[in-house]
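work_36.csv follows (CSV, C-alpha atoms):
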```
chain,number,residue,atom,x,y,z
T,1,MET,CA,99.3,-105.7,-59.3
T,2,ARG,CA,98.0,-107.5,-62.3
T,3,ASP,CA,100.0,-110.3,-63.7
T,4,ASP,CA,100.3,-108.8,-67.1
T,5,GLU,CA,101.4,-105.4,-66.0
T,6,VAL,CA,104.8,-104.5,-67.3
T,7,LEU,CA,107.1,-102.4,-65.1
T,8,ILE,CA,109.3,-99.9,-66.7
T,9,GLY,CA,112.3,-99.0,-64.6
T,10,SER,CA,114.8,-96.3,-64.9
T,11,LEU,CA,118.3,-97.2,-65.7
T,12,MET,CA,120.7,-95.9,-63.1
T,13,GLU,CA,123.2,-94.7,-65.6
T,14,ASP,CA,126.9,-94.4,-64.8
T,15,THR,CA,126.9,-90.7,-65.3
T,16,TRP,CA,123.9,-89.6,-63.3
T,17,LEU,CA,124.0,-91.2,-60.0
T,18,THR,CA,124.2,-88.4,-57.5
T,19,LEU,CA,125.3,-88.5,-53.9
T,20,ASP,CA,121.7,-88.2,-52.6
T,21,GLN,CA,120.6,-91.0,-55.0
T,22,VAL,CA,123.3,-93.4,-53.8
T,23,ALA,CA,122.6,-92.5,-50.1
T,24,ALA,CA,118.9,-93.0,-50.5
T,25,ALA,CA,119.2,-96.2,-52.5
T,26,CYS,CA,121.6,-97.8,-49.9
T,27,ASP,CA,120.0,-96.5,-46.7
T,28,VAL,CA,123.1,-94.6,-45.7
T,29,GLU,CA,123.3,-91.0,-44.5
T,30,PRO,CA,124.8,-88.5,-47.0
T,31,ALA,CA,127.3,-87.4,-44.4
T,32,TRP,CA,128.6,-91.0,-44.1
T,33,LEU,CA,129.1,-91.1,-47.9
T,34,ILE,CA,130.9,-87.7,-48.0
T,35,ARG,CA,133.2,-88.7,-45.2
T,36,HIS,CA,134.2,-91.9,-47.0
T,37,LEU,CA,134.6,-90.1,-50.4
T,38,GLU,CA,136.9,-87.5,-48.9
T,39,GLU,CA,139.0,-90.3,-47.5
T,40,GLY,CA,139.3,-91.9,-50.9
T,41,LEU,CA,137.4,-95.0,-50.1
T,42,PHE,CA,135.2,-95.0,-53.2
T,43,PRO,CA,137.7,-95.5,-56.0
T,44,ARG,CA,135.2,-95.2,-58.8
T,45,ALA,CA,133.5,-92.0,-57.7
T,46,GLU,CA,134.6,-88.8,-59.2
T,47,SER,CA,134.1,-85.2,-58.4
T,48,VAL,CA,133.3,-82.8,-61.3
T,49,SER,CA,133.3,-79.2,-60.3
T,50,GLY,CA,132.6,-80.1,-56.7
T,51,VAL,CA,129.7,-82.4,-57.6
T,52,TRP,CA,130.1,-86.1,-56.9
T,53,ARG,CA,129.0,-88.7,-59.4
T,54,PHE,CA,128.9,-92.4,-59.0
T,55,SER,CA,128.8,-95.6,-61.1
T,56,GLY,CA,126.2,-98.2,-60.5
T,57,ALA,CA,128.8,-100.3,-58.7
T,58,ALA,CA,129.0,-97.7,-56.0
T,59,LEU,CA,125.6,-99.0,-54.7
T,60,ALA,CA,126.8,-102.4,-53.8
T,61,ARG,CA,130.1,-101.0,-52.4
T,62,ALA,CA,128.3,-98.5,-50.1
T,63,ARG,CA,126.0,-101.3,-48.8
T,64,ARG,CA,128.9,-103.6,-48.2
T,65,MET,CA,131.1,-101.1,-46.5
T,66,ARG,CA,128.3,-99.9,-44.2
T,67,SER,CA,127.3,-103.4,-43.1
T,68,LEU,CA,131.0,-104.3,-42.4
T,69,GLU,CA,131.5,-101.2,-40.3
T,70,ARG,CA,128.3,-101.8,-38.4
T,71,ASP,CA,128.4,-105.5,-37.9
T,72,PHE,CA,132.1,-105.9,-37.1
T,73,ASP,CA,133.0,-102.4,-35.9
T,74,ALA,CA,135.4,-102.3,-38.9
T,75,VAL,CA,137.4,-99.2,-39.4
T,76,PRO,CA,136.4,-97.6,-42.7
T,77,GLU,CA,139.8,-98.5,-44.3
T,78,LEU,CA,139.4,-102.2,-43.4
T,79,ALA,CA,135.8,-102.1,-44.7
T,80,ALA,CA,137.1,-100.6,-48.0
T,81,LEU,CA,139.7,-103.3,-48.2
T,82,VAL,CA,137.2,-106.1,-47.8
T,83,ALA,CA,134.9,-104.3,-50.3
T,84,ASP,CA,137.9,-104.3,-52.8
T,85,LEU,CA,138.4,-108.0,-52.3
T,86,LEU,CA,134.7,-108.7,-52.7
T,87,GLU,CA,134.6,-106.7,-55.9
T,88,GLN,CA,137.6,-108.7,-57.3
T,89,MET,CA,135.7,-111.8,-56.3
T,90,ASP,CA,132.6,-110.6,-58.2
T,91,GLU,CA,134.7,-109.9,-61.2
T,92,MET,CA,136.2,-113.4,-61.2
T,93,ARG,CA,132.9,-115.0,-60.6
T,94,THR,CA,131.5,-113.1,-63.6
T,95,ARG,CA,134.5,-114.3,-65.7
T,96,LEU,CA,134.1,-117.9,-64.5
T,97,ARG,CA,130.3,-117.7,-65.3
T,98,SER,CA,131.0,-116.4,-68.8
T,99,HIS,CA,133.2,-119.5,-69.3
T,100,GLY,CA,130.4,-121.7,-68.1
T,101,GLY,CA,132.2,-122.5,-64.9
T,102,LEU,CA,129.5,-121.6,-62.4
Z,1,MET,CA,102.0,-113.5,-32.8
Z,2,GLN,CA,104.6,-115.8,-31.4
Z,3,PHE,CA,107.1,-114.8,-28.8
Z,4,LYS,CA,110.6,-114.6,-30.3
Z,5,ASP,CA,113.6,-115.8,-28.3
Z,6,TYR,CA,116.3,-113.4,-29.3
Z,7,TYR,CA,118.8,-115.1,-27.0
Z,8,LYS,CA,118.2,-118.3,-28.9
Z,9,VAL,CA,118.6,-116.6,-32.2
Z,10,LEU,CA,122.1,-115.3,-31.2
Z,11,GLY,CA,122.8,-118.6,-29.3
Z,12,VAL,CA,123.7,-116.8,-26.0
Z,13,PRO,CA,122.6,-117.4,-22.5
Z,14,ARG,CA,120.1,-114.9,-20.9
Z,15,ASP,CA,122.9,-113.6,-18.6
Z,16,ALA,CA,125.3,-113.0,-21.5
Z,17,THR,CA,127.4,-109.9,-21.2
Z,18,ALA,CA,127.3,-107.1,-23.7
Z,19,GLU,CA,130.6,-108.3,-25.0
Z,20,GLY,CA,129.3,-111.9,-25.3
Z,21,VAL,CA,126.3,-110.7,-27.3
Z,22,LYS,CA,128.5,-108.7,-29.6
Z,23,LYS,CA,130.8,-111.7,-30.2
Z,24,ALA,CA,127.9,-114.0,-31.0
Z,25,PHE,CA,126.5,-111.5,-33.4
Z,26,ARG,CA,129.8,-111.1,-35.2
Z,27,ARG,CA,130.2,-114.8,-35.5
Z,28,LEU,CA,126.8,-115.1,-37.1
Z,29,ALA,CA,127.2,-112.0,-39.2
Z,30,ARG,CA,130.3,-113.7,-40.7
Z,31,LYS,CA,128.5,-117.0,-41.1
Z,32,TYR,CA,125.5,-115.5,-42.9
Z,33,HIS,CA,127.4,-112.8,-44.8
Z,34,PRO,CA,125.5,-112.6,-48.1
Z,35,ASP,CA,128.7,-112.5,-50.2
Z,36,VAL,CA,130.3,-115.6,-48.8
Z,37,SER,CA,127.7,-117.6,-47.0
Z,38,LYS,CA,126.9,-121.0,-48.5
Z,39,GLU,CA,123.7,-121.4,-46.4
Z,40,LYS,CA,120.6,-121.4,-48.5
Z,41,ASP,CA,118.6,-119.2,-46.1
Z,42,ALA,CA,121.4,-116.8,-45.3
Z,43,ASP,CA,119.3,-113.7,-46.0
Z,44,THR,CA,116.5,-114.8,-43.8
Z,45,ARG,CA,118.8,-115.8,-41.0
Z,46,MET,CA,120.7,-112.5,-41.2
Z,47,LYS,CA,117.5,-110.6,-40.8
Z,48,GLU,CA,116.6,-112.5,-37.7
Z,49,VAL,CA,120.1,-112.1,-36.3
Z,50,ASN,CA,120.1,-108.3,-37.0
Z,51,GLU,CA,116.8,-108.0,-35.3
Z,52,ALA,CA,117.9,-109.9,-32.2
Z,53,TYR,CA,121.1,-107.9,-32.1
Z,54,ALA,CA,119.2,-104.6,-32.4
Z,55,VAL,CA,117.4,-105.6,-29.2
Z,56,LEU,CA,120.1,-107.3,-27.1
Z,57,SER,CA,122.9,-104.9,-27.9
Z,58,ASP,CA,120.9,-101.9,-26.6
Z,59,PRO,CA,120.7,-102.0,-22.7
Z,60,GLU,CA,117.4,-100.1,-22.7
Z,61,LYS,CA,115.7,-102.4,-25.3
Z,62,ARG,CA,117.2,-105.5,-23.7
Z,63,ALA,CA,115.8,-104.6,-20.3
Z,64,THR,CA,112.4,-103.9,-21.8
Z,65,TYR,CA,112.5,-107.2,-23.7
Z,66,ASP,CA,113.5,-109.2,-20.6
Z,67,GLN,CA,110.8,-107.5,-18.5
Z,68,LEU,CA,108.1,-108.1,-21.0
Z,69,GLY,CA,109.3,-111.6,-21.9
Z,70,LYS,CA,109.2,-113.0,-18.3
Z,71,GLY,CA,107.0,-116.1,-18.4
Z,72,PHE,CA,107.0,-116.5,-22.2
Z,73,ARG,CA,108.4,-119.5,-23.9
Z,74,PRO,CA,109.6,-119.3,-27.5
Z,75,GLY,CA,106.8,-119.9,-30.0
Z,76,GLU,CA,104.2,-119.2,-27.4
Z,77,GLU,CA,101.4,-116.8,-28.3
Z,78,PHE,CA,102.5,-113.3,-27.3
Z,79,HIS,CA,100.4,-110.2,-26.7
Z,80,PRO,CA,101.9,-107.1,-25.2
Z,81,PRO,CA,100.0,-105.9,-22.1
Z,82,PRO,CA,97.1,-103.6,-23.0
Z,83,ASP,CA,98.6,-100.6,-21.4
Z,84,TRP,CA,101.9,-101.2,-23.1
Z,85,ASN,CA,103.3,-97.8,-24.2
Z,86,THR,CA,104.8,-97.9,-27.6
Z,87,GLY,CA,105.7,-94.2,-27.4
Z,88,PHE,CA,109.3,-94.9,-26.4
Z,89,LYS,CA,111.8,-93.2,-28.5
Z,90,PHE,CA,114.0,-96.2,-29.2
Z,91,SER,CA,117.0,-95.6,-31.4
Z,92,GLY,CA,117.9,-97.8,-34.3
Z,93,HIS,CA,121.4,-98.7,-33.0
Z,94,GLY,CA,123.1,-98.7,-36.3
Z,95,PHE,CA,120.2,-99.9,-38.3
Z,96,SER,CA,118.6,-97.4,-40.7
Z,97,PRO,CA,114.8,-97.1,-40.5
Z,98,GLY,CA,114.7,-98.7,-43.9
Z,99,GLU,CA,116.4,-101.8,-42.6
Z,100,ALA,CA,114.5,-101.8,-39.3
Z,101,ALA,CA,111.3,-101.7,-41.4
Z,102,GLY,CA,112.1,-105.3,-42.3
Z,103,PHE,CA,112.0,-106.4,-38.6
Z,104,SER,CA,109.2,-108.6,-37.4
Z,105,ASP,CA,105.7,-107.6,-36.2
Z,106,PHE,CA,106.9,-109.0,-32.8
Z,107,PHE,CA,109.6,-106.4,-32.7
Z,108,GLU,CA,107.2,-103.6,-33.8
Z,109,GLN,CA,104.7,-104.6,-31.1
Z,110,ILE,CA,107.3,-104.1,-28.4
Z,111,PHE,CA,109.4,-101.2,-29.7
Z,112,GLY,CA,107.1,-99.5,-32.1
Z,113,ARG,CA,108.4,-98.7,-35.6
Z,114,MET,CA,111.8,-97.4,-35.3
Z,115,GLY,CA,112.9,-94.1,-36.7
Z,116,HIS,CA,109.9,-92.1,-35.6
Z,117,GLY,CA,111.3,-88.7,-35.3
Z,118,ASN,CA,114.5,-89.4,-33.4
Z,119,ARG,CA,117.1,-90.4,-35.9
Z,120,GLY,CA,118.3,-87.2,-37.5
Z,121,PHE,CA,117.9,-88.4,-41.0
Z,122,HIS,CA,117.1,-85.8,-43.6
Z,123,ALA,CA,113.6,-84.9,-42.9
Z,124,GLN,CA,113.0,-83.1,-46.2
Z,125,ARG,CA,113.3,-86.4,-48.0
Z,126,ASN,CA,110.8,-88.0,-45.6
Z,127,PHE,CA,113.5,-90.6,-45.1
Z,128,ARG,CA,112.2,-91.9,-41.8
Z,129,ASP,CA,108.9,-93.0,-43.3
Z,130,GLN,CA,110.2,-94.4,-46.5
Z,131,GLY,CA,109.9,-98.1,-47.0
Z,132,GLU,CA,113.0,-100.3,-47.3
Z,133,ASN,CA,114.8,-100.4,-50.7
Z,134,HIS,CA,115.1,-104.0,-51.9
Z,135,HIS,CA,118.1,-105.1,-53.9
Z,136,ALA,CA,118.2,-108.2,-56.2
Z,137,LYS,CA,120.3,-109.6,-58.9
Z,138,VAL,CA,118.7,-110.6,-62.2
Z,139,TYR,CA,120.2,-112.9,-64.8
Z,140,LEU,CA,119.4,-112.1,-68.4
Z,141,ASP,CA,120.3,-113.5,-71.8
Z,142,VAL,CA,122.8,-111.6,-73.9
Z,143,GLU,CA,120.1,-111.4,-76.6
Z,144,ASP,CA,118.0,-109.2,-74.3
Z,145,ALA,CA,120.7,-106.5,-74.5
Z,146,PHE,CA,120.4,-106.4,-78.3
Z,147,THR,CA,116.7,-106.3,-78.7
Z,148,GLY,CA,115.3,-105.1,-75.4
Z,149,ALA,CA,112.8,-107.4,-73.8
Z,150,THR,CA,110.1,-107.9,-71.2
Z,151,ARG,CA,111.2,-110.5,-68.7
Z,152,GLN,CA,109.5,-112.2,-65.8
Z,153,ILE,CA,111.5,-111.9,-62.7
Z,154,SER,CA,110.9,-113.9,-59.6
Z,155,LEU,CA,111.9,-112.5,-56.3
Z,156,HIS,CA,112.1,-114.3,-53.0
Z,157,THR,CA,112.0,-112.1,-50.0
Z,158,PRO,CA,111.9,-113.2,-46.4
Z,159,LYS,CA,108.8,-112.0,-44.7
Z,160,MET,CA,107.4,-112.3,-41.2
Z,161,ASP,CA,103.9,-113.7,-41.0
Z,162,ALA,CA,101.3,-112.7,-38.3
Z,163,ARG,CA,102.7,-115.3,-36.0
Z,164,GLY,CA,106.2,-113.9,-36.2
Z,165,ARG,CA,107.5,-116.8,-38.3
Z,166,VAL,CA,109.8,-116.1,-41.2
Z,167,ALA,CA,108.7,-117.5,-44.6
Z,168,GLN,CA,109.9,-116.9,-48.1
Z,169,GLU,CA,107.5,-114.8,-50.1
Z,170,SER,CA,107.6,-115.1,-53.9
Z,171,ARG,CA,106.7,-112.3,-56.2
Z,172,THR,CA,106.8,-112.3,-60.0
Z,173,LEU,CA,107.3,-109.1,-61.8
Z,174,ASN,CA,107.2,-108.3,-65.5
Z,175,VAL,CA,110.1,-105.9,-66.1
Z,176,LYS,CA,111.0,-104.1,-69.3
Z,177,ILE,CA,114.7,-104.6,-70.1
Z,178,PRO,CA,116.0,-101.7,-72.1
Z,179,ARG,CA,118.0,-102.3,-75.2
Z,180,GLY,CA,121.8,-101.8,-74.6
Z,181,ILE,CA,121.7,-102.9,-71.0
Z,182,ARG,CA,125.1,-103.9,-69.7
Z,183,GLU,CA,126.5,-106.2,-67.0
Z,184,GLY,CA,126.5,-104.6,-63.6
Z,185,GLN,CA,123.9,-101.9,-64.5
Z,186,VAL,CA,121.1,-101.2,-62.1
Z,187,ILE,CA,117.5,-100.9,-63.0
Z,188,ARG,CA,115.5,-98.9,-60.5
Z,189,LEU,CA,111.8,-99.8,-60.1
Z,190,ALA,CA,110.4,-96.9,-58.1
Z,191,GLY,CA,107.9,-97.9,-55.4
Z,192,GLN,CA,108.5,-101.7,-55.7
Z,193,GLY,CA,110.4,-102.1,-52.5
Z,194,ALA,CA,108.9,-102.4,-49.0
Z,195,PRO,CA,105.8,-100.3,-48.3
Z,196,GLY,CA,106.3,-97.0,-46.6
Z,197,MET,CA,105.1,-96.3,-43.1
Z,198,ASP,CA,102.5,-93.6,-42.0
Z,199,GLY,CA,101.9,-92.6,-45.6
Z,200,GLY,CA,105.6,-92.5,-46.5
Z,201,HIS,CA,106.8,-93.6,-49.9
Z,202,ALA,CA,107.4,-97.2,-50.7
Z,203,GLY,CA,111.0,-98.1,-51.1
Z,204,ASP,CA,112.5,-98.9,-54.5
Z,205,LEU,CA,113.5,-102.2,-56.0
Z,206,LEU,CA,117.0,-102.1,-57.4
Z,207,LEU,CA,117.8,-104.8,-59.9
Z,208,GLU,CA,121.5,-105.5,-60.6
Z,209,VAL,CA,121.9,-106.9,-64.1
Z,210,HIS,CA,124.0,-109.9,-64.9
Z,211,PHE,CA,124.2,-112.1,-68.0
Z,212,LYS,CA,123.7,-115.8,-68.1
Z,213,PRO,CA,126.6,-117.8,-69.7
Z,214,HIS,CA,126.2,-117.9,-73.5
Z,215,PRO,CA,127.5,-120.9,-75.5
Z,216,ARG,CA,129.4,-118.7,-77.9
Z,217,LEU,CA,129.5,-115.2,-76.7
Z,218,ARG,CA,131.3,-113.6,-73.8
Z,219,VAL,CA,130.3,-110.2,-72.5
Z,220,GLU,CA,133.1,-107.8,-71.4
Z,221,GLY,CA,131.5,-104.5,-70.5
Z,222,ARG,CA,130.1,-103.2,-73.8
Z,223,ASP,CA,132.2,-105.5,-75.9
Z,224,LEU,CA,131.4,-109.0,-77.0
Z,225,ARG,CA,134.1,-111.7,-77.5
Z,226,LEU,CA,133.6,-114.6,-79.8
Z,227,THR,CA,135.8,-117.4,-81.0
Z,228,LEU,CA,135.5,-117.5,-84.8
Z,229,PRO,CA,136.3,-120.8,-86.5
Z,230,VAL,CA,137.8,-120.4,-90.0
Z,231,ALA,CA,139.0,-122.8,-92.6
Z,232,PRO,CA,142.8,-122.8,-93.4
Z,233,TRP,CA,142.2,-121.3,-96.9
Z,234,GLU,CA,140.0,-118.5,-95.4
Z,235,ALA,CA,142.9,-117.7,-92.9
Z,236,ALA,CA,145.6,-118.0,-95.5
Z,237,LEU,CA,144.0,-116.2,-98.4
Z,238,GLY,CA,141.7,-113.8,-96.6
Z,239,ALA,CA,137.9,-114.1,-96.8
Z,240,ILE,CA,134.6,-112.4,-96.0
Z,241,VAL,CA,132.6,-114.6,-93.6
Z,242,ALA,CA,129.2,-114.2,-91.9
Z,243,VAL,CA,129.1,-114.1,-88.1
Z,244,ASP,CA,125.8,-114.8,-86.4
Z,245,LEU,CA,125.0,-112.3,-83.6
Z,246,PRO,CA,121.9,-111.8,-81.5
Z,247,GLY,CA,121.1,-108.6,-83.5
Z,248,GLY,CA,121.5,-110.5,-86.9
Z,249,PRO,CA,124.4,-111.7,-89.0
Z,250,VAL,CA,127.3,-109.4,-89.7
Z,251,ARG,CA,129.9,-109.9,-92.5
Z,252,VAL,CA,133.5,-109.7,-91.4
Z,253,ARG,CA,136.7,-109.6,-93.4
Z,254,ILE,CA,139.3,-112.0,-92.4
Z,255,PRO,CA,142.7,-110.5,-93.3
Z,256,LYS,CA,145.0,-112.5,-95.5
Z,257,GLY,CA,147.5,-114.6,-93.4
Z,258,ALA,CA,145.4,-114.6,-90.2
Z,259,GLN,CA,146.6,-117.1,-87.6
Z,260,SER,CA,144.9,-118.9,-84.8
Z,261,GLY,CA,144.7,-116.6,-81.7
Z,262,LYS,CA,144.7,-113.4,-83.7
Z,263,GLN,CA,142.1,-110.9,-82.6
Z,264,LEU,CA,139.9,-108.9,-84.9
Z,265,ARG,CA,138.0,-105.9,-83.5
Z,266,VAL,CA,134.8,-105.0,-85.3
Z,267,ARG,CA,133.8,-101.6,-84.2
Z,268,GLY,CA,130.3,-100.9,-83.1
Z,269,LYS,CA,129.0,-104.5,-83.3
Z,270,GLY,CA,129.0,-105.2,-79.6
Z,271,ILE,CA,126.2,-104.4,-77.1
Z,272,PRO,CA,124.2,-101.6,-78.7
Z,273,GLY,CA,124.3,-98.1,-77.1
Z,274,GLU,CA,125.7,-94.7,-77.3
Z,275,PRO,CA,128.5,-95.5,-78.1
Z,276,PRO,CA,127.9,-99.2,-78.9
Z,277,GLY,CA,130.5,-101.7,-77.9
Z,278,ASP,CA,132.9,-103.6,-80.2
Z,279,LEU,CA,132.9,-107.2,-81.3
Z,280,MET,CA,136.2,-109.0,-80.6
Z,281,LEU,CA,136.7,-112.0,-82.8
Z,282,VAL,CA,139.4,-114.5,-81.9
Z,283,ILE,CA,140.4,-116.5,-84.9
Z,284,GLU,CA,140.6,-120.2,-84.6
Z,285,VAL,CA,141.9,-122.1,-87.7
Z,286,VAL,CA,140.1,-125.4,-87.9
Z,287,LEU,CA,141.7,-128.1,-90.1
Z,288,PRO,CA,139.5,-130.3,-92.3
Z,289,PRO,CA,139.8,-133.9,-91.4
Z,290,ALA,CA,142.0,-136.1,-93.6
Z,291,ASN,CA,139.3,-138.8,-93.7
Z,292,THR,CA,139.0,-139.4,-97.4
Z,293,PRO,CA,141.6,-140.4,-99.9
Z,294,LYS,CA,141.2,-137.1,-101.6
Z,295,ALA,CA,141.7,-135.0,-98.5
Z,296,GLN,CA,144.7,-137.2,-97.5
Z,297,GLU,CA,146.1,-136.5,-101.0
Z,298,PHE,CA,145.7,-132.8,-100.5
Z,299,TYR,CA,147.6,-132.8,-97.2
Z,300,GLU,CA,150.4,-135.0,-98.7
Z,301,ARG,CA,150.7,-132.6,-101.6
Z,302,MET,CA,150.9,-129.6,-99.2
Z,303,ALA,CA,153.6,-131.4,-97.2
Z,304,ARG,CA,155.6,-132.0,-100.3
Z,305,GLU,CA,155.2,-128.7,-102.0
Z,306,LEU,CA,155.0,-126.1,-99.2
Z,307,ALA,CA,158.2,-127.2,-97.2
Z,308,PHE,CA,156.6,-125.7,-94.1
Z,309,ASP,CA,158.0,-126.1,-90.6
Z,310,PRO,CA,155.7,-124.5,-88.1
Z,311,ARG,CA,158.4,-124.9,-85.4
Z,312,GLN,CA,161.0,-123.0,-87.2
Z,313,GLY,CA,162.3,-120.1,-85.2
Z,314,ARG,CA,160.4,-121.2,-82.0
```
Produce structure tokens that represent the structure in this file.
Amino acid sequence: MRDDEVLIGSLMEDTWLTLDQVAAACDVEPAWLIRHLEEGLFPRAESVSGVWRFSGAALARARRMRSLERDFDAVPELAALVADLLEQMDEMRTRLRSHGGL
Amino acid sequence: MQFKDYYKVLGVPRDATAEGVKKAFRRLARKYHPDVSKEKDADTRMKEVNEAYAVLSDPEKRATYDQLGKGFRPGEEFHPPPDWNTGFKFSGHGFSPGEAAGFSDFFEQIFGRMGHGNRGFHAQRNFRDQGENHHAKVYLDVEDAFTGATRQISLHTPKMDARGRVAQESRTLNVKIPRGIREGQVIRLAGQGAPGMDGGHAGDLLLEVHFKPHPRLRVEGRDLRLTLPVAPWEAALGAIVAVDLPGGPVRVRIPKGAQSGKQLRVRGKGIPGEPPGDLMLVIEVVLPPANTPKAQEFYERMARELAFDPRQGR
């Protein structure tokens, strides 16, 4: 790639992340995602007329939950709880940063 | 290519039980967890630990590794025997082909590239041959969200060299930042992840956007928050003041009788977009110093004539 080449990416908009896109982006199987969605472990995903759609934050959540389940044999509910805590931590770090604290 | 001592990576003896291997892996997975680790090379170490665990946690792979590795010392030049059959159908043991694609050449020499036809992923997406998706965070200036920009982004990815050593590889990309980008959004650069295998697609690079701290502005989703200093007479009498924003100055009406701490919402003047965010102004009344005889006289006159007690009723 040339140094002066400018890459134009696509913005993964809140409204158009589909189940397959999230699964592919996070290297998880769609069946894994569906199982977790049906158990309510993705709080910010919503189903509109039977079609799931995701916010960008779902990407980080799916990767975190999958590695927690795999690395520690965590039950999905525990992985979801840890993901909740990590998301709260992210939010606080962001706030701290915007106050110049980090 | 150097021989990799997976036992050493996990810190277990060669006769460690399956339970012992698992325990060691979990301890290291906790230590190098990307969200909490304070170690500088946590990513690189976690990759090595994952690779070692993928081998030692699988009885079939572990036996193969032990058999092949007899007589090799760590760091020693390693070549698999010429008749070594890489046609085994090893499973990924919990690692997706995308992740396993990040394993070292040493791993590949012994076990072949994982995910060749035996993992049950969706074949129609050619998932098994697709390169790994890379994820990274980028820190932008708030100004970039107003104007859009092209930013140079440096990425450091751990990479195995031909000798099986792990080194940080740096890459610089010029990326177009769209106007109206918000904290937490993800920019997908198709094909900028790890290369695909056997003609498969390269993975994507997914950039998660965060803003650097700004001396005056705070970003809250689409909204911007800003402390607005005003003079006592502007607050008391009302005024129209200019507020400098990255998109250019805007004129804002301060309502009569505004007090410190009062918030004003200016619709549509936050991060641009459909819909744009709002600008939240927090009023801060700043007193002029009483450092000249004239200023002092003003204050004394106010004290005499206004009969004002700010603590009344509190």
Which residues, written as an mmCIF file with C-alpha atoms, in the frame of the given file, have at least one atom at most 9 Å from Arg265 of chain Z, with all atoms listed in the file counted and residues fewer than 4 positions away on the same chain left out?
```cif
data_model
loop_
_atom_site.group_PDB
_atom_site.id
_atom_site.type_symbol
_atom_site.label_atom_id
_atom_site.label_comp_id
_atom_site.auth_asym_id
_atom_site.auth_seq_id
_atom_site.Cartn_x
_atom_site.Cartn_y
_atom_site.Cartn_z
ATOM 1 C CA ASP Z 278 132.900 -103.600 -80.200
ATOM 2 C CA LEU Z 279 132.900 -107.200 -81.300
ATOM 3 C CA MET Z 280 136.200 -109.000 -80.600
ATOM 4 C CA LEU Z 281 136.700 -112.000 -82.800
ATOM 5 C CA VAL Z 282 139.400 -114.500 -81.900
#
```
With a distance cut-off of 9 Å and only C-alpha atoms, select the neighbouring residues of segment 59-69 of chain T, excluding the residue or stretch itself and same-chain residues fewer than 2 positions from it, and output the selection as a compact mmCIF listing (two decimals) with C-alpha atoms, in the frame of the given file.
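Written output follows (out.txt):
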```
# COMPACT_ATOMS: atom_id res chain seq x y z
CA VAL T 22 123.30 -93.40 -53.80
CA ALA T 23 122.60 -92.50 -50.10
CA ALA T 25 119.20 -96.20 -52.50
CA CYS T 26 121.60 -97.80 -49.90
CA ASP T 27 120.00 -96.50 -46.70
CA VAL T 28 123.10 -94.60 -45.70
CA TRP T 32 128.60 -91.00 -44.10
CA LEU T 33 129.10 -91.10 -47.90
CA PHE T 42 135.20 -95.00 -53.20
CA PHE T 54 128.90 -92.40 -59.00
CA SER T 55 128.80 -95.60 -61.10
CA GLY T 56 126.20 -98.20 -60.50
CA ALA T 57 128.80 -100.30 -58.70
CA ASP T 71 128.40 -105.50 -37.90
CA PHE T 72 132.10 -105.90 -37.10
CA ASP T 73 133.00 -102.40 -35.90
CA ALA T 74 135.40 -102.30 -38.90
CA VAL T 75 137.40 -99.20 -39.40
CA PRO T 76 136.40 -97.60 -42.70
CA LEU T 78 139.40 -102.20 -43.40
CA ALA T 79 135.80 -102.10 -44.70
CA ALA T 80 137.10 -100.60 -48.00
CA VAL T 82 137.20 -106.10 -47.80
CA ALA T 83 134.90 -104.30 -50.30
CA ASP T 84 137.90 -104.30 -52.80
CA LEU T 86 134.70 -108.70 -52.70
CA GLU T 87 134.60 -106.70 -55.90
CA VAL Z 186 121.10 -101.20 -62.10
```
Please produce, as a tab-separated table, a per-residue contact table for chain T versus chain Z (criterion: any atom at most 7 Å away, all atoms listed in the file considered), showing the nearest atom pair and its distance in Å to one decimal, sorted by chain then residue number.
```
residue	atom	partner	partner_atom	distance
T:Glu5	CA	Z:Asn174	CA	6.5
T:Val6	CA	Z:Asn174	CA	4.8
T:Leu7	CA	Z:Val175	CA	4.7
T:Ile8	CA	Z:Lys176	CA	5.2
T:Gly9	CA	Z:Leu189	CA	4.6
T:Ser10	CA	Z:Arg188	CA	5.2
T:Leu11	CA	Z:Ile187	CA	4.6
T:Met12	CA	Z:Val186	CA	5.4
T:Ala25	CA	Z:Asn133	CA	6.3
T:Asp27	CA	Z:Ser96	CA	6.2
T:Glu29	CA	Z:Phe121	CA	6.9
T:Gly56	CA	Z:Gln185	CA	5.9
T:Ala57	CA	Z:Gly184	CA	6.9
T:Arg70	CA	Z:Gly94	CA	6.4
T:Asp71	CA	Z:Arg26	CA	6.4
T:Phe72	CA	Z:Arg26	CA	6.0
T:Arg97	CA	Z:Pro213	CA	5.7
T:Ser98	CA	Z:Pro213	CA	4.7
T:His99	CA	Z:Pro213	CA	6.8
T:Gly100	CA	Z:Pro213	CA	5.7
```
Residues near Gly20 of chain Z, anyone? I mean within 12 Å using all atoms listed in the file, not counting same-chain ones fewer than 6 positions away, as a list in words.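 Counting all atoms listed in the file, the residues come to Tyr7, Leu10, Gly11, Val12, Pro13, Arg14, Arg26, Arg27, Tyr53, Leu56 and Ser57 of chain Z.
Put simply, atom CA of Glu284 of chain Z is 4.5 Å away from atom CA of Ser260 of chain Z.
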For the atom pair atom CA of Ser154 of chain Z and atom CA of Ser170 of chain Z, what is the interatomic distance in Å to one decimal place? 6.7 Å
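Between atom CA of Asp144 of chain Z and atom CA of Gly180 of chain Z lies a distance of 8.3 Å.
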Counting all atoms listed in the file, which of Z:Lys4, Z:Arg179, Z:Arg222, Z:Arg267 gets nearest to Asp66 of chain Z?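 Under the stated criterion, the closest residue is Z:Lys4.
By only C-alpha atoms, and with residues fewer than 5 positions from segment 231-240 of chain Z along its chain excluded, the set lying at most 10 Å from it is Arg251, Val252, Arg253, Ile254, Pro255, Lys256, Gly257, Ala258, Gln259, Ser260, Ile283, Glu284, Val285, Val286, Leu287 and Pro288 of chain Z.
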